[in-house]
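coords02.pdb follows; it contains PDB, C-alpha atoms and all ligand atoms.
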```pdb
ATOM      1  CA  MET Y  27     -23.479  13.462 -11.147
ATOM      2  CA  ASN Y  28     -20.108  12.671  -9.552
ATOM      3  CA  ILE Y  29     -19.125  14.279  -6.272
ATOM      4  CA  ILE Y  30     -16.386  14.123  -3.668
ATOM      5  CA  LEU Y  31     -17.166  14.369   0.055
ATOM      6  CA  LEU Y  32     -14.031  15.872   1.537
ATOM      7  CA  GLY Y  33     -13.416  16.248   5.239
ATOM      8  CA  PRO Y  34     -11.470  15.007   8.261
ATOM      9  CA  PRO Y  35     -12.178  11.692  10.024
ATOM     10  CA  GLY Y  36     -15.596  11.880  11.667
ATOM     11  CA  ALA Y  37     -16.830  14.798   9.549
ATOM     12  CA  GLY Y  38     -19.865  12.716   8.580
ATOM     13  CA  LYS Y  39     -18.841  11.721   5.048
ATOM     14  CA  GLY Y  40     -20.075   8.137   5.392
ATOM     15  CA  THR Y  41     -23.338   9.179   7.081
ATOM     16  CA  GLN Y  42     -24.168  11.639   4.316
ATOM     17  CA  ALA Y  43     -22.991   9.319   1.530
ATOM     18  CA  ARG Y  44     -25.415   6.633   2.713
ATOM     19  CA  ARG Y  45     -28.279   9.125   2.569
ATOM     20  CA  LEU Y  46     -27.359  10.153  -0.969
ATOM     21  CA  VAL Y  47     -27.354   6.490  -1.983
ATOM     22  CA  GLU Y  48     -30.887   6.087  -0.614
ATOM     23  CA  GLU Y  49     -32.299   9.380  -1.831
ATOM     24  CA  ARG Y  50     -30.553   9.817  -5.182
ATOM     25  CA  ASP Y  51     -29.609   6.299  -6.211
ATOM     26  CA  MET Y  52     -25.952   7.318  -6.251
ATOM     27  CA  ILE Y  53     -23.106   4.824  -5.727
ATOM     28  CA  GLN Y  54     -20.880   5.269  -2.659
ATOM     29  CA  LEU Y  55     -17.216   4.568  -3.316
ATOM     30  CA  SER Y  56     -15.599   4.536   0.125
ATOM     31  CA  THR Y  57     -11.931   3.567  -0.031
ATOM     32  CA  GLY Y  58     -12.064   3.053   3.759
ATOM     33  CA  ASP Y  59     -14.811   0.430   3.359
ATOM     34  CA  MET Y  60     -12.952  -1.230   0.470
ATOM     35  CA  LEU Y  61      -9.755  -1.411   2.531
ATOM     36  CA  ARG Y  62     -11.624  -2.810   5.572
ATOM     37  CA  GLU Y  63     -12.964  -5.506   3.264
ATOM     38  CA  ALA Y  64      -9.433  -6.216   1.969
ATOM     39  CA  ARG Y  65      -8.050  -6.567   5.507
ATOM     40  CA  THR Y  66     -10.472  -9.393   6.266
ATOM     41  CA  SER Y  67      -9.276 -11.315   3.188
ATOM     42  CA  GLY Y  68      -6.293 -12.771   5.074
ATOM     43  CA  THR Y  69      -3.921 -12.028   2.161
ATOM     44  CA  GLU Y  70      -0.449 -10.497   2.661
ATOM     45  CA  MET Y  71      -1.742  -7.249   1.183
ATOM     46  CA  GLY Y  72      -4.704  -7.329   3.589
ATOM     47  CA  LYS Y  73      -2.396  -7.757   6.580
ATOM     48  CA  ARG Y  74      -0.150  -4.873   5.480
ATOM     49  CA  VAL Y  75      -3.176  -2.649   4.958
ATOM     50  CA  ALA Y  76      -4.569  -3.524   8.410
ATOM     51  CA  ALA Y  77      -1.377  -2.438  10.177
ATOM     52  CA  VAL Y  78      -1.267   0.871   8.289
ATOM     53  CA  MET Y  79      -4.935   1.638   8.982
ATOM     54  CA  ASP Y  80      -4.726   0.799  12.688
ATOM     55  CA  ARG Y  81      -1.838   3.251  13.080
ATOM     56  CA  GLY Y  82      -3.903   5.935  11.366
ATOM     57  CA  ASP Y  83      -1.500   6.317   8.430
ATOM     58  CA  LEU Y  84      -2.522   6.483   4.780
ATOM     59  CA  VAL Y  85      -2.365   3.393   2.581
ATOM     60  CA  THR Y  86      -0.260   3.823  -0.590
ATOM     61  CA  ASP Y  87      -1.693   5.791  -3.506
ATOM     62  CA  GLU Y  88      -1.112   2.843  -5.823
ATOM     63  CA  ILE Y  89      -3.418   0.546  -3.837
ATOM     64  CA  VAL Y  90      -6.326   2.963  -3.427
ATOM     65  CA  ILE Y  91      -6.159   4.254  -7.010
ATOM     66  CA  GLY Y  92      -6.312   0.625  -8.188
ATOM     67  CA  LEU Y  93      -9.414   0.022  -6.032
ATOM     68  CA  ILE Y  94     -11.207   3.065  -7.455
ATOM     69  CA  GLU Y  95     -10.197   2.258 -11.028
ATOM     70  CA  GLU Y  96     -11.870  -1.127 -10.723
ATOM     71  CA  LYS Y  97     -15.143   0.384  -9.456
ATOM     72  CA  LEU Y  98     -15.376   3.027 -12.178
ATOM     73  CA  SER Y  99     -15.926   0.290 -14.746
ATOM     74  CA  GLY Y 100     -18.873  -1.098 -12.732
ATOM     75  CA  PRO Y 101     -22.482   0.150 -12.364
ATOM     76  CA  GLN Y 102     -22.805   3.961 -12.456
ATOM     77  CA  GLY Y 103     -26.295   4.499 -10.937
ATOM     78  CA  GLY Y 104     -27.091   8.182 -10.424
ATOM     79  CA  GLY Y 105     -23.366   8.928 -10.219
ATOM     80  CA  PHE Y 106     -20.492   8.286  -7.838
ATOM     81  CA  ILE Y 107     -19.920   9.665  -4.358
ATOM     82  CA  PHE Y 108     -16.204   9.535  -3.642
ATOM     83  CA  ASP Y 109     -16.046   9.129   0.141
ATOM     84  CA  GLY Y 110     -12.544   9.335   1.613
ATOM     85  CA  PHE Y 111     -10.940   9.490  -1.847
ATOM     86  CA  PRO Y 112      -8.899  11.306  -3.033
ATOM     87  CA  ARG Y 113      -6.724  11.961   0.024
ATOM     88  CA  THR Y 114      -3.506  13.127  -1.630
ATOM     89  CA  LEU Y 115      -2.676  15.352  -4.587
ATOM     90  CA  ALA Y 116      -1.465  12.293  -6.523
ATOM     91  CA  GLN Y 117      -4.833  10.597  -5.929
ATOM     92  CA  ALA Y 118      -6.667  13.755  -7.060
ATOM     93  CA  ASP Y 119      -4.664  13.871 -10.303
ATOM     94  CA  ALA Y 120      -5.306  10.162 -10.854
ATOM     95  CA  LEU Y 121      -9.051  10.593 -10.305
ATOM     96  CA  GLY Y 122      -9.157  13.392 -12.879
ATOM     97  CA  GLU Y 123      -7.400  11.169 -15.419
ATOM     98  CA  LEU Y 124      -9.613   8.152 -14.670
ATOM     99  CA  LEU Y 125     -12.815  10.182 -15.056
ATOM    100  CA  ASP Y 126     -11.483  11.639 -18.338
ATOM    101  CA  ARG Y 127     -10.779   8.156 -19.603
ATOM    102  CA  HIS Y 128     -14.382   7.155 -18.811
ATOM    103  CA  GLY Y 129     -15.720  10.290 -20.559
ATOM    104  CA  SER Y 130     -16.961  11.499 -17.171
ATOM    105  CA  THR Y 131     -16.483  14.629 -15.078
ATOM    106  CA  LEU Y 132     -16.498  15.769 -11.477
ATOM    107  CA  ASP Y 133     -19.523  17.923 -10.633
ATOM    108  CA  ALA Y 134     -18.713  19.120  -7.126
ATOM    109  CA  VAL Y 135     -16.292  18.729  -4.251
ATOM    110  CA  ILE Y 136     -18.081  19.268  -0.962
ATOM    111  CA  GLU Y 137     -15.868  20.138   1.972
ATOM    112  CA  MET Y 138     -17.555  19.208   5.253
ATOM    113  CA  GLN Y 139     -16.269  21.522   7.974
ATOM    114  CA  VAL Y 140     -16.221  20.242  11.570
ATOM    115  CA  ASP Y 141     -13.883  21.346  14.366
ATOM    116  CA  ASP Y 142     -11.418  18.914  15.977
ATOM    117  CA  ALA Y 143     -13.155  18.717  19.384
ATOM    118  CA  ALA Y 144     -16.387  17.530  17.751
ATOM    119  CA  LEU Y 145     -14.461  15.004  15.629
ATOM    120  CA  VAL Y 146     -12.921  13.326  18.676
ATOM    121  CA  ALA Y 147     -16.310  13.157  20.412
ATOM    122  CA  ARG Y 148     -17.984  11.687  17.333
ATOM    123  CA  ILE Y 149     -15.326   9.109  16.511
ATOM    124  CA  THR Y 150     -14.907   7.721  20.016
ATOM    125  CA  ALA Y 151     -18.708   7.246  20.246
ATOM    126  CA  ARG Y 152     -19.158   5.588  16.837
ATOM    127  CA  SER Y 153     -20.306   2.043  16.165
ATOM    128  CA  THR Y 154     -21.501   0.407  12.957
ATOM    129  CA  CYS Y 155     -23.655  -2.541  12.010
ATOM    130  CA  GLY Y 156     -21.301  -5.349  11.002
ATOM    131  CA  ASN Y 157     -23.867  -6.616   8.512
ATOM    132  CA  CYS Y 158     -25.033  -3.540   6.558
ATOM    133  CA  GLY Y 159     -22.658  -0.766   7.693
ATOM    134  CA  GLU Y 160     -25.359   1.473   9.227
ATOM    135  CA  VAL Y 161     -23.607   4.081  11.393
ATOM    136  CA  TYR Y 162     -24.569   4.735  15.045
ATOM    137  CA  ASN Y 163     -23.299   7.066  17.729
ATOM    138  CA  ASP Y 164     -23.541   6.529  21.498
ATOM    139  CA  ILE Y 165     -24.590  10.151  21.995
ATOM    140  CA  THR Y 166     -26.449  11.325  18.901
ATOM    141  CA  ARG Y 167     -27.772   8.050  17.457
ATOM    142  CA  PRO Y 168     -27.602   5.206  19.976
ATOM    143  CA  GLN Y 169     -27.966   1.566  18.960
ATOM    144  CA  PRO Y 170     -31.657   0.537  19.166
ATOM    145  CA  ALA Y 171     -32.832  -0.686  22.585
ATOM    146  CA  ASP Y 172     -33.930  -4.043  21.105
ATOM    147  CA  GLY Y 173     -30.325  -4.661  19.989
ATOM    148  CA  LYS Y 174     -31.301  -4.898  16.303
ATOM    149  CA  CYS Y 175     -30.029  -2.677  13.500
ATOM    150  CA  VAL Y 176     -32.800  -0.345  12.237
ATOM    151  CA  LYS Y 177     -31.819  -1.035   8.630
ATOM    152  CA  CYS Y 178     -31.236  -4.797   8.468
ATOM    153  CA  GLY Y 179     -32.268  -6.245  11.855
ATOM    154  CA  ALA Y 180     -28.839  -7.808  12.510
ATOM    155  CA  SER Y 181     -27.406  -7.775  16.054
ATOM    156  CA  ASP Y 182     -23.738  -7.366  15.187
ATOM    157  CA  PHE Y 183     -22.548  -3.917  16.266
ATOM    158  CA  ARG Y 184     -18.826  -3.186  15.921
ATOM    159  CA  ARG Y 185     -16.280  -0.524  16.776
ATOM    160  CA  ARG Y 186     -13.402   0.197  14.410
ATOM    161  CA  ALA Y 187      -9.858  -0.655  15.536
ATOM    162  CA  ASP Y 188      -8.705   2.852  14.518
ATOM    163  CA  ASP Y 189     -11.471   4.656  16.445
ATOM    164  CA  ASN Y 190      -9.353   5.441  19.502
ATOM    165  CA  GLU Y 191      -7.752   8.713  20.533
ATOM    166  CA  GLU Y 192      -4.197   7.707  19.595
ATOM    167  CA  SER Y 193      -4.997   6.566  16.026
ATOM    168  CA  LEU Y 194      -7.333   9.496  15.596
ATOM    169  CA  LYS Y 195      -4.502  11.916  16.418
ATOM    170  CA  GLN Y 196      -2.444  10.376  13.614
ATOM    171  CA  ARG Y 197      -5.432  10.325  11.213
ATOM    172  CA  LEU Y 198      -5.968  14.032  11.830
ATOM    173  CA  MET Y 199      -2.262  14.711  11.281
ATOM    174  CA  GLU Y 200      -2.407  12.842   7.960
ATOM    175  CA  TYR Y 201      -5.519  14.810   7.020
ATOM    176  CA  TYR Y 202      -3.952  18.203   7.673
ATOM    177  CA  LYS Y 203      -0.600  17.290   6.051
ATOM    178  CA  LYS Y 204      -1.715  15.347   2.983
ATOM    179  CA  THR Y 205      -5.450  15.818   2.372
ATOM    180  CA  SER Y 206      -6.206  19.427   3.283
ATOM    181  CA  PRO Y 207      -4.073  20.711   0.324
ATOM    182  CA  LEU Y 208      -6.882  19.320  -1.844
ATOM    183  CA  ILE Y 209      -9.092  22.169  -0.618
ATOM    184  CA  GLY Y 210      -6.883  24.661  -2.486
ATOM    185  CA  TYR Y 211      -6.508  22.276  -5.424
ATOM    186  CA  TYR Y 212     -10.260  22.036  -6.023
ATOM    187  CA  TYR Y 213     -10.891  25.684  -5.131
ATOM    188  CA  ALA Y 214      -8.490  26.692  -7.904
ATOM    189  CA  LYS Y 215     -10.437  24.477 -10.330
ATOM    190  CA  GLY Y 216     -13.722  26.141  -9.292
ATOM    191  CA  ASP Y 217     -15.154  22.851  -7.980
ATOM    192  CA  LEU Y 218     -15.116  23.513  -4.217
ATOM    193  CA  GLU Y 219     -18.291  23.989  -2.140
ATOM    194  CA  ARG Y 220     -18.301  24.276   1.642
ATOM    195  CA  VAL Y 221     -20.887  22.906   4.028
ATOM    196  CA  ASP Y 222     -21.125  23.321   7.815
ATOM    197  CA  GLY Y 223     -20.819  19.739   9.052
ATOM    198  CA  LEU Y 224     -21.486  20.622  12.686
ATOM    199  CA  GLY Y 225     -25.288  20.793  12.457
ATOM    200  CA  GLU Y 226     -27.820  17.987  12.860
ATOM    201  CA  VAL Y 227     -27.524  15.187  10.279
ATOM    202  CA  ASP Y 228     -30.742  16.392   8.542
ATOM    203  CA  ASP Y 229     -29.466  19.971   8.332
ATOM    204  CA  VAL Y 230     -26.145  18.865   6.851
ATOM    205  CA  ALA Y 231     -28.046  16.696   4.345
ATOM    206  CA  ALA Y 232     -30.203  19.692   3.381
ATOM    207  CA  ALA Y 233     -27.100  21.858   2.857
ATOM    208  CA  ILE Y 234     -25.540  19.178   0.642
ATOM    209  CA  GLY Y 235     -28.838  18.832  -1.255
ATOM    210  CA  LYS Y 236     -28.808  22.570  -1.931
ATOM    211  CA  VAL Y 237     -25.301  22.354  -3.389
ATOM    212  CA  LEU Y 238     -26.340  19.463  -5.636
ATOM    213  CA  GLU Y 239     -29.405  21.355  -6.915
ATOM    214  CA  GLN Y 240     -27.232  24.268  -8.083
TER     215      GLN Y 240
HETATM  216  P1  LIG F   1     -12.064   6.019   6.284
HETATM  217  O1  LIG F   1     -12.884   4.834   6.531
HETATM  218  O2  LIG F   1     -12.272   6.810   5.029
HETATM  219  O3  LIG F   1     -12.154   6.927   7.567
HETATM  220  P2  LIG F   1     -12.092   8.506   7.793
HETATM  221  O4  LIG F   1     -11.808   9.387   6.636
HETATM  222  O5  LIG F   1     -11.165   8.621   8.926
HETATM  223  O6  LIG F   1     -13.533   8.897   8.043
HETATM  224  P3  LIG F   1     -14.508   8.188   9.001
HETATM  225  O7  LIG F   1     -15.138   7.004   8.342
HETATM  226  O8  LIG F   1     -13.831   7.950  10.311
HETATM  227  O9  LIG F   1     -15.571   9.355   9.259
HETATM  228  P4  LIG F   1     -16.778   9.893   8.394
HETATM  229  O10 LIG F   1     -16.429  11.271   7.927
HETATM  230  O11 LIG F   1     -17.230   8.931   7.356
HETATM  231  O12 LIG F   1     -17.845  10.039   9.560
HETATM  232  P5  LIG F   1     -19.147   9.168   9.896
HETATM  233  O13 LIG F   1     -20.237   9.496   8.914
HETATM  234  O14 LIG F   1     -18.818   7.731  10.119
HETATM  235  O15 LIG F   1     -10.510   5.627   6.298
HETATM  236  C1  LIG F   1      -9.970   4.788   7.278
HETATM  237  C2  LIG F   1      -8.494   4.508   6.976
HETATM  238  O16 LIG F   1      -8.377   3.836   5.692
HETATM  239  C3  LIG F   1      -7.590   5.738   6.831
HETATM  240  O17 LIG F   1      -7.112   6.192   8.080
HETATM  241  C4  LIG F   1      -6.462   5.180   5.942
HETATM  242  O18 LIG F   1      -5.579   4.375   6.665
HETATM  243  C5  LIG F   1      -7.221   4.289   4.968
HETATM  244  N1  LIG F   1      -7.676   5.001   3.756
HETATM  245  C6  LIG F   1      -8.975   5.209   3.371
HETATM  246  N2  LIG F   1      -9.034   5.877   2.218
HETATM  247  C7  LIG F   1      -7.746   6.114   1.854
HETATM  248  C8  LIG F   1      -7.152   6.808   0.751
HETATM  249  N3  LIG F   1      -7.916   7.388  -0.213
HETATM  250  N4  LIG F   1      -5.816   6.871   0.693
HETATM  251  C9  LIG F   1      -5.030   6.284   1.638
HETATM  252  N5  LIG F   1      -5.518   5.620   2.719
HETATM  253  C10 LIG F   1      -6.881   5.549   2.818
HETATM  254  O19 LIG F   1     -19.547   9.860  11.288
HETATM  255  C11 LIG F   1     -18.723   9.692  12.429
HETATM  256  C12 LIG F   1     -19.604   9.622  13.693
HETATM  257  O20 LIG F   1     -20.291  10.875  13.849
HETATM  258  C13 LIG F   1     -20.724   8.563  13.609
HETATM  259  O21 LIG F   1     -20.921   8.007  14.884
HETATM  260  C14 LIG F   1     -21.972   9.342  13.163
HETATM  261  O22 LIG F   1     -23.169   8.764  13.667
HETATM  262  C15 LIG F   1     -21.719  10.709  13.803
HETATM  263  N6  LIG F   1     -22.239  11.823  13.019
HETATM  264  C16 LIG F   1     -22.194  11.962  11.654
HETATM  265  N7  LIG F   1     -22.759  13.133  11.295
HETATM  266  C17 LIG F   1     -23.154  13.746  12.450
HETATM  267  C18 LIG F   1     -23.786  14.997  12.736
HETATM  268  N8  LIG F   1     -24.121  15.863  11.771
HETATM  269  N9  LIG F   1     -24.026  15.315  14.036
HETATM  270  C19 LIG F   1     -23.683  14.451  15.050
HETATM  271  N10 LIG F   1     -23.083  13.241  14.842
HETATM  272  C20 LIG F   1     -22.821  12.904  13.548
END
```
Target encoding structure tokens, full file:
Amino acid sequence: MNIILLGPPGAGKGTQARRLVEERDMIQLSTGDMLREARTSGTEMGKRVAAVMDRGDLVTDEIVIGLIEEKLSGPQGGGFIFDGFPRTLAQADALGELLDRHGSTLDAVIEMQVDDAALVARITARSTCGNCGEVYNDITRPQPADGKCVKCGASDFRRRADDNEESLKQRLMEYYKKTSPLIGYYYAKGDLERVDGLGEVDDVAAAIGKVLEQ
């Protein structure tokens, strides 16, 4: 089963994708994570990507499509979760073609709906484990009192350079201008499902589970 988690920054795509990996043996393909890995490589491309991400702009279609193309030839597990991809109509067309080429299909596009005020609160309170990527939140899921990640035991909590109000404003702008047209695109194809992303993490997971059982 291949699915897209579609939603603005902070909607909870990464949080839910990690659960699906654990519970359904699916493979998370997060272009954000791939790009963060690239920016630490020290290459010219990595440096260019870092500047774009920190501003809150989108990286070029060519780069992210190339990253996804590479992963589609790797292990398939219980299917792919596309997290943060596609983000433009060109990326959506490219994904359709890539899946076709691999004899694969898209099973559902799940739009996670969360209002802007909640997004700002979530993003500015987020931290992640630098070792395993586990996601925390100062308000709803604080870092453990013993200073060790609940998943891997590491003590290396980080905040993203683009998790500040100014970059977030630009990320939201990019979402509404370039990514939200995908809602109509997938609705017209009959692939779109909507989930209330404002509830507790467990409730959102249950709603996504229900969609996947259909
Ligand atoms: P990316 O890493 O994809 O970031 P994003 O889309 O902005 O999404 P986030 O990771 O910020 O949020 P999320 O929805 O995963 O929320 P999370 O689960 O962490 O992209 C970063 C940048 O890379 C882009 O700006 C762009 O420059 C570039 N890029 C990436 N993909 C690209 C592409 N395809 N094309 C071009 N450029 C691309 O949750 C957020 C917080 O809320 C956490 O603290 C979490 O604990 C908390 N939380 C989650 N769920 C709940 C809940 N139900 N209730 C309460 N709190 C919750």
request  = Could the residues that lie within 7 Å of ligand LIG 1 (chain F), counting only C-alpha atoms and all ligand atoms, be listed as a PyMOL selection string?
outcome  = chain Y and resi 33-42+56-59+61+78-79+82-87+90+109-113+148-149+151-153+161-163+166-167+197+223-227+230
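You can rank Y:Glu239, Y:Glu137, Y:Asp188, Y:Glu200 by their closest distance to Leu32 of chain Y using all atoms listed in the file, and at the top of that list sits Y:Glu137.
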ask   = Looking at Y:Gly92, Y:Gly173, Y:Pro168, Y:Gly68, which one is nearest to Gln117 of chain Y, with distances taken over only C-alpha atoms?
value =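 Closest to Gln117 of chain Y, using only C-alpha atoms: Y:Gly92.
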Evaluate the PyMOL selection byres (((chain Y and resi 210-218) around 12) and not hetatm) and report residues as JSON, numbers by chain = {"Y": [28, 29, 30, 31, 32, 112, 113, 114, 115, 116, 117, 118, 119, 122, 131, 132, 133, 134, 135, 136, 137, 138, 204, 205, 206, 207, 208, 209, 219, 220, 221, 237, 238]}
The PyMOL selection byres (((chain Y and resi 98) around 10) and not hetatm) applied to the shown file, residues as a PDB file with C-alpha atoms, in the frame of the given file:
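Saved as selection13.pdb:
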```pdb
ATOM      1  CA  LEU Y  55     -17.216   4.568  -3.316  1.00  0.00           C
ATOM      2  CA  LEU Y  93      -9.414   0.022  -6.032  1.00  0.00           C
ATOM      3  CA  ILE Y  94     -11.207   3.065  -7.455  1.00  0.00           C
ATOM      4  CA  GLU Y  95     -10.197   2.258 -11.028  1.00  0.00           C
ATOM      5  CA  GLU Y  96     -11.870  -1.127 -10.723  1.00  0.00           C
ATOM      6  CA  LYS Y  97     -15.143   0.384  -9.456  1.00  0.00           C
ATOM      7  CA  SER Y  99     -15.926   0.290 -14.746  1.00  0.00           C
ATOM      8  CA  GLY Y 100     -18.873  -1.098 -12.732  1.00  0.00           C
ATOM      9  CA  PRO Y 101     -22.482   0.150 -12.364  1.00  0.00           C
ATOM     10  CA  GLN Y 102     -22.805   3.961 -12.456  1.00  0.00           C
ATOM     11  CA  PHE Y 106     -20.492   8.286  -7.838  1.00  0.00           C
ATOM     12  CA  LEU Y 124      -9.613   8.152 -14.670  1.00  0.00           C
ATOM     13  CA  LEU Y 125     -12.815  10.182 -15.056  1.00  0.00           C
ATOM     14  CA  HIS Y 128     -14.382   7.155 -18.811  1.00  0.00           C
ATOM     15  CA  SER Y 130     -16.961  11.499 -17.171  1.00  0.00           C
TER      16      SER Y 130
END
```
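Residues within 10 Å of Asp228 of chain Y, counting all atoms listed in the file and excluding same-chain residues fewer than 5 positions away, are Gln42, Arg45, Ala233 and Ile234 of chain Y.
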remark   = Expressed in Å, the length from atom CA of Asp142 of chain Y to atom CA of Arg186 of chain Y is 18.9 Å
inquiry  = Calculated over all atoms listed in the file, which of the candidates Y:Asp164, Y:Glu191, Y:Glu48, Y:Asp182 has the smallest distance to Ala143 of chain Y?
reply    =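 Ranking Y:Asp164, Y:Glu191, Y:Glu48, Y:Asp182 by distance to Ala143 of chain Y, first place goes to Y:Glu191.
For the pair atom CA of Asn190 of chain Y and atom CA of Leu145 of chain Y, the separation is 11.5 Å.
Nearest to Ala180 of chain Y of all the residues Y:Gly103, Y:Leu194, Y:Glu160, Y:Cys155 is Y:Cys155, based on only C-alpha atoms.
With all atoms listed in the file as the atoms that count, the residue of Y:Phe108, Y:Val146, Y:Arg185, Y:Glu70 with the shortest distance to Ala43 of chain Y is Y:Phe108.
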request  = For Asp80 of chain Y, list every protein, DNA or RNA residue within 7 Å, evaluated using all atoms listed in the file, and leave out those in the same chain fewer than 3 positions away; present the list as an MDAnalysis selection string.
outcome  = chainID Y and resid 76:77 187:188 193
inquiry  = With distances taken over all atoms listed in the file, which residue among Y:Ala147, Y:Ala231, Y:Lys203, Y:Lys195 lies nearest Arg81 of chain Y?
reply    =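 Closest to Arg81 of chain Y of all the choices is Y:Lys195.
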First collect every listed atom of segment 130-138 of chain Y; then fit an axis-aligned box around them, widen it by 4 Å on each side, and give centre and edge lengths in Å to one decimal, as AutoDock Vina command-line options.
```
--center_x -17.7 --center_y 15.8 --center_z -6.0 --size_x 11.7 --size_y 16.6 --size_z 30.4
```
